Amino acid sequence: GYPHHAFHHVLEIPDPNQFYKLVLLDGNGDGWDDNDDNNDNIDNIGGGYLAVYRGRDTLATNLLMYDPTFRGKSIAHAFYPGESPPHHLTLAIQFDKYPRDVSWTLELVKPNNNNNDDDDDKEEAIVLAQ
């Protein structure tokens, strides 16, 4: 991406009736913070955001998840596309002035159906895009 550029990417999802997890990583560890002073003041957020929309259109009515407050090294959001969803999601990332620091992955999260009591709380994550 480019500094302060909005990146939109349409992703095909294999099973719209499942949960998904979007993970955002910042190599510099400051999230959307554009400032070089390492000040933790929330007003220093550099204008970036992360959003996920149902389908191909970035309309407010299609918004599944929105986060303008990414701070630190990573953040993860889980979401469910809903009843009778389209087979596409649109990922929107508004970068701060350091876009090369940011990477992301979209994962399909499936519950582990193993009947072993030790594994009941574990999930299987399949990386779909990055």
# chains A, B, ... in the order shown; residues from 1 in each chain; ligands from 1

$ residues_around --residues "A:Gly29" --least-positions-apart "6" --cutoff "10 Å" --atoms "only C-alpha atoms" --output "PyMOL selection string"
chain A and resi 71-74+101-102

$ write_last_selection --atoms "N, CA and C atoms" --output "mmCIF file, in the first residue's frame"
data_model
loop_
_atom_site.group_PDB
_atom_site.id
_atom_site.type_symbol
_atom_site.label_atom_id
_atom_site.label_comp_id
_atom_site.auth_asym_id
_atom_site.auth_seq_id
_atom_site.Cartn_x
_atom_site.Cartn_y
_atom_site.Cartn_z
ATOM 1 N N ARG A 71 -3.772 -0.296 17.835
ATOM 2 C CA ARG A 71 -2.554 0.120 18.532
ATOM 3 C C ARG A 71 -1.725 -1.132 18.819
ATOM 4 N N GLY A 72 -0.441 -1.006 18.809
ATOM 5 C CA GLY A 72 0.423 -2.126 19.169
ATOM 6 C C GLY A 72 0.826 -2.965 17.981
ATOM 7 N N LYS A 73 1.251 -4.207 18.264
ATOM 8 C CA LYS A 73 1.791 -5.093 17.239
ATOM 9 C C LYS A 73 0.744 -5.837 16.434
ATOM 10 N N SER A 74 -0.393 -6.180 17.070
ATOM 11 C CA SER A 74 -1.388 -6.972 16.344
ATOM 12 C C SER A 74 -2.776 -6.768 16.931
ATOM 13 N N ASP A 101 4.769 -1.492 7.062
ATOM 14 C CA ASP A 101 4.822 -2.164 8.361
ATOM 15 C C ASP A 101 3.648 -3.113 8.564
ATOM 16 N N VAL A 102 2.572 -2.972 7.770
ATOM 17 C CA VAL A 102 1.310 -3.668 8.032
ATOM 18 C C VAL A 102 1.145 -4.898 7.138
#

$ residues_around --residues "A:Asp15" --least-positions-apart "4" --cutoff "9 Å" --atoms "only C-alpha atoms" --output "PyMOL selection string"
chain A and resi 19+87+108

$ residues_around --residues "A:His8" --least-positions-apart "6" --cutoff "12 Å" --atoms "only C-alpha atoms" --output "MDAnalysis selection string"
chainID A and resid 1 49:53 56:58 89:95

$ residues_around --residues "A:Arg54" --least-positions-apart "6" --cutoff "8 Å" --atoms "only C-alpha atoms" --output "list in words"
Asn62, Leu63, Leu64, Pro81, Pro85, Pro86, His88, Leu89 and Thr90 of chain A

$ closest_residue --among "A:Ile75, A:Met65, A:Ala60, A:Val23" --to "A:Thr105" --atoms "only C-alpha atoms"
A:Val23

$ closest_residue --among "A:Pro16, A:Gly55, A:Gly47, A:Gly82" --to "A:Gly31" --atoms "only C-alpha atoms"
A:Gly47

$ closest_residue --among "A:Trp104, A:Phe79, A:Tyr98, A:Phe70" --to "A:Leu25" --atoms "only C-alpha atoms"
A:Trp104

$ closest_residue --among "A:Ala76, A:Leu59, A:Trp32, A:Asp26" --to "A:Ser103" --atoms "only C-alpha atoms"
A:Asp26

$ atom_distance --atom1 "atom CA of A:Asp30" --atom2 "atom CA of A:Thr69"
10.9 Å

$ decode --residues "stretch 68-79 of chain A" --atoms "all heavy atoms" --output "CSV table (one decimal), in the first residue's frame"
chain,number,residue,atom,x,y,z
A,68,PRO,N,-11.0,1.7,14.0
A,68,PRO,CA,-10.0,2.7,13.7
A,68,PRO,C,-9.0,2.9,14.8
A,68,PRO,O,-8.2,3.8,14.8
A,68,PRO,CB,-10.9,4.0,13.7
A,68,PRO,CG,-12.0,3.7,14.7
A,68,PRO,CD,-12.2,2.2,14.6
A,69,THR,N,-9.0,2.0,15.8
A,69,THR,CA,-8.2,2.2,17.0
A,69,THR,C,-7.0,1.2,17.1
A,69,THR,O,-6.5,1.0,18.2
A,69,THR,CB,-9.0,2.1,18.3
A,69,THR,OG1,-9.6,0.7,18.3
A,69,THR,CG2,-10.2,3.1,18.3
A,70,PHE,N,-6.5,0.6,16.1
A,70,PHE,CA,-5.5,-0.4,16.1
A,70,PHE,C,-4.2,0.3,16.7
A,70,PHE,O,-3.6,1.2,16.2
A,70,PHE,CB,-5.2,-0.9,14.7
A,70,PHE,CG,-4.0,-1.8,14.5
A,70,PHE,CD1,-3.7,-2.7,15.5
A,70,PHE,CD2,-3.2,-1.7,13.4
A,70,PHE,CE1,-2.6,-3.6,15.3
A,70,PHE,CE2,-2.1,-2.5,13.2
A,70,PHE,CZ,-1.8,-3.5,14.2
A,71,ARG,N,-3.8,-0.3,17.8
A,71,ARG,CA,-2.6,0.1,18.5
A,71,ARG,C,-1.7,-1.1,18.8
A,71,ARG,O,-2.3,-2.2,19.1
A,71,ARG,CB,-2.9,0.8,19.9
A,71,ARG,CG,-3.9,1.9,19.8
A,71,ARG,CD,-3.2,3.2,19.4
A,71,ARG,NE,-2.3,3.7,20.4
A,71,ARG,CZ,-1.7,4.8,20.3
A,71,ARG,NH1,-1.8,5.6,19.3
A,71,ARG,NH2,-0.9,5.2,21.3
A,72,GLY,N,-0.4,-1.0,18.8
A,72,GLY,CA,0.4,-2.1,19.2
A,72,GLY,C,0.8,-3.0,18.0
A,72,GLY,O,0.8,-2.5,16.8
A,73,LYS,N,1.3,-4.2,18.3
A,73,LYS,CA,1.8,-5.1,17.2
A,73,LYS,C,0.7,-5.8,16.4
A,73,LYS,O,0.9,-6.1,15.3
A,73,LYS,CB,2.7,-6.1,17.9
A,73,LYS,CG,4.0,-5.5,18.4
A,73,LYS,CD,4.9,-6.6,18.9
A,73,LYS,CE,6.2,-5.9,19.5
A,73,LYS,NZ,7.3,-5.9,18.6
A,74,SER,N,-0.4,-6.2,17.1
A,74,SER,CA,-1.4,-7.0,16.3
A,74,SER,C,-2.8,-6.8,16.9
A,74,SER,O,-2.9,-6.3,18.1
A,74,SER,CB,-1.0,-8.5,16.4
A,74,SER,OG,-1.1,-9.0,17.7
A,75,ILE,N,-3.7,-7.1,16.1
A,75,ILE,CA,-5.1,-7.1,16.5
A,75,ILE,C,-5.9,-8.2,15.7
A,75,ILE,O,-5.5,-8.4,14.6
A,75,ILE,CB,-5.8,-5.7,16.3
A,75,ILE,CG1,-7.1,-5.6,17.1
A,75,ILE,CG2,-5.9,-5.4,14.9
A,75,ILE,CD1,-7.7,-4.2,17.2
A,76,ALA,N,-6.8,-8.8,16.3
A,76,ALA,CA,-7.6,-9.9,15.6
A,76,ALA,C,-9.1,-9.6,15.9
A,76,ALA,O,-9.5,-9.2,17.0
A,76,ALA,CB,-7.2,-11.2,16.2
A,77,HIS,N,-9.9,-9.8,14.8
A,77,HIS,CA,-11.3,-9.6,14.9
A,77,HIS,C,-12.0,-10.8,14.3
A,77,HIS,O,-11.6,-11.3,13.2
A,77,HIS,CB,-11.8,-8.4,14.1
A,77,HIS,CG,-11.4,-7.1,14.7
A,77,HIS,ND1,-12.1,-6.6,15.8
A,77,HIS,CD2,-10.5,-6.2,14.4
A,77,HIS,CE1,-11.6,-5.4,16.1
A,77,HIS,NE2,-10.6,-5.2,15.3
A,78,ALA,N,-12.9,-11.4,15.0
A,78,ALA,CA,-13.7,-12.5,14.5
A,78,ALA,C,-15.1,-12.0,14.1
A,78,ALA,O,-15.6,-11.1,14.8
A,78,ALA,CB,-13.8,-13.6,15.6
A,79,PHE,N,-15.6,-12.6,13.1
A,79,PHE,CA,-17.0,-12.1,12.6
A,79,PHE,C,-17.6,-13.3,11.9
A,79,PHE,O,-17.0,-14.2,11.4
A,79,PHE,CB,-16.9,-10.9,11.8
A,79,PHE,CG,-16.0,-11.0,10.6
A,79,PHE,CD1,-16.5,-11.5,9.4
A,79,PHE,CD2,-14.6,-10.7,10.7
A,79,PHE,CE1,-15.6,-11.6,8.3
A,79,PHE,CE2,-13.8,-10.9,9.6
A,79,PHE,CZ,-14.3,-11.3,8.4
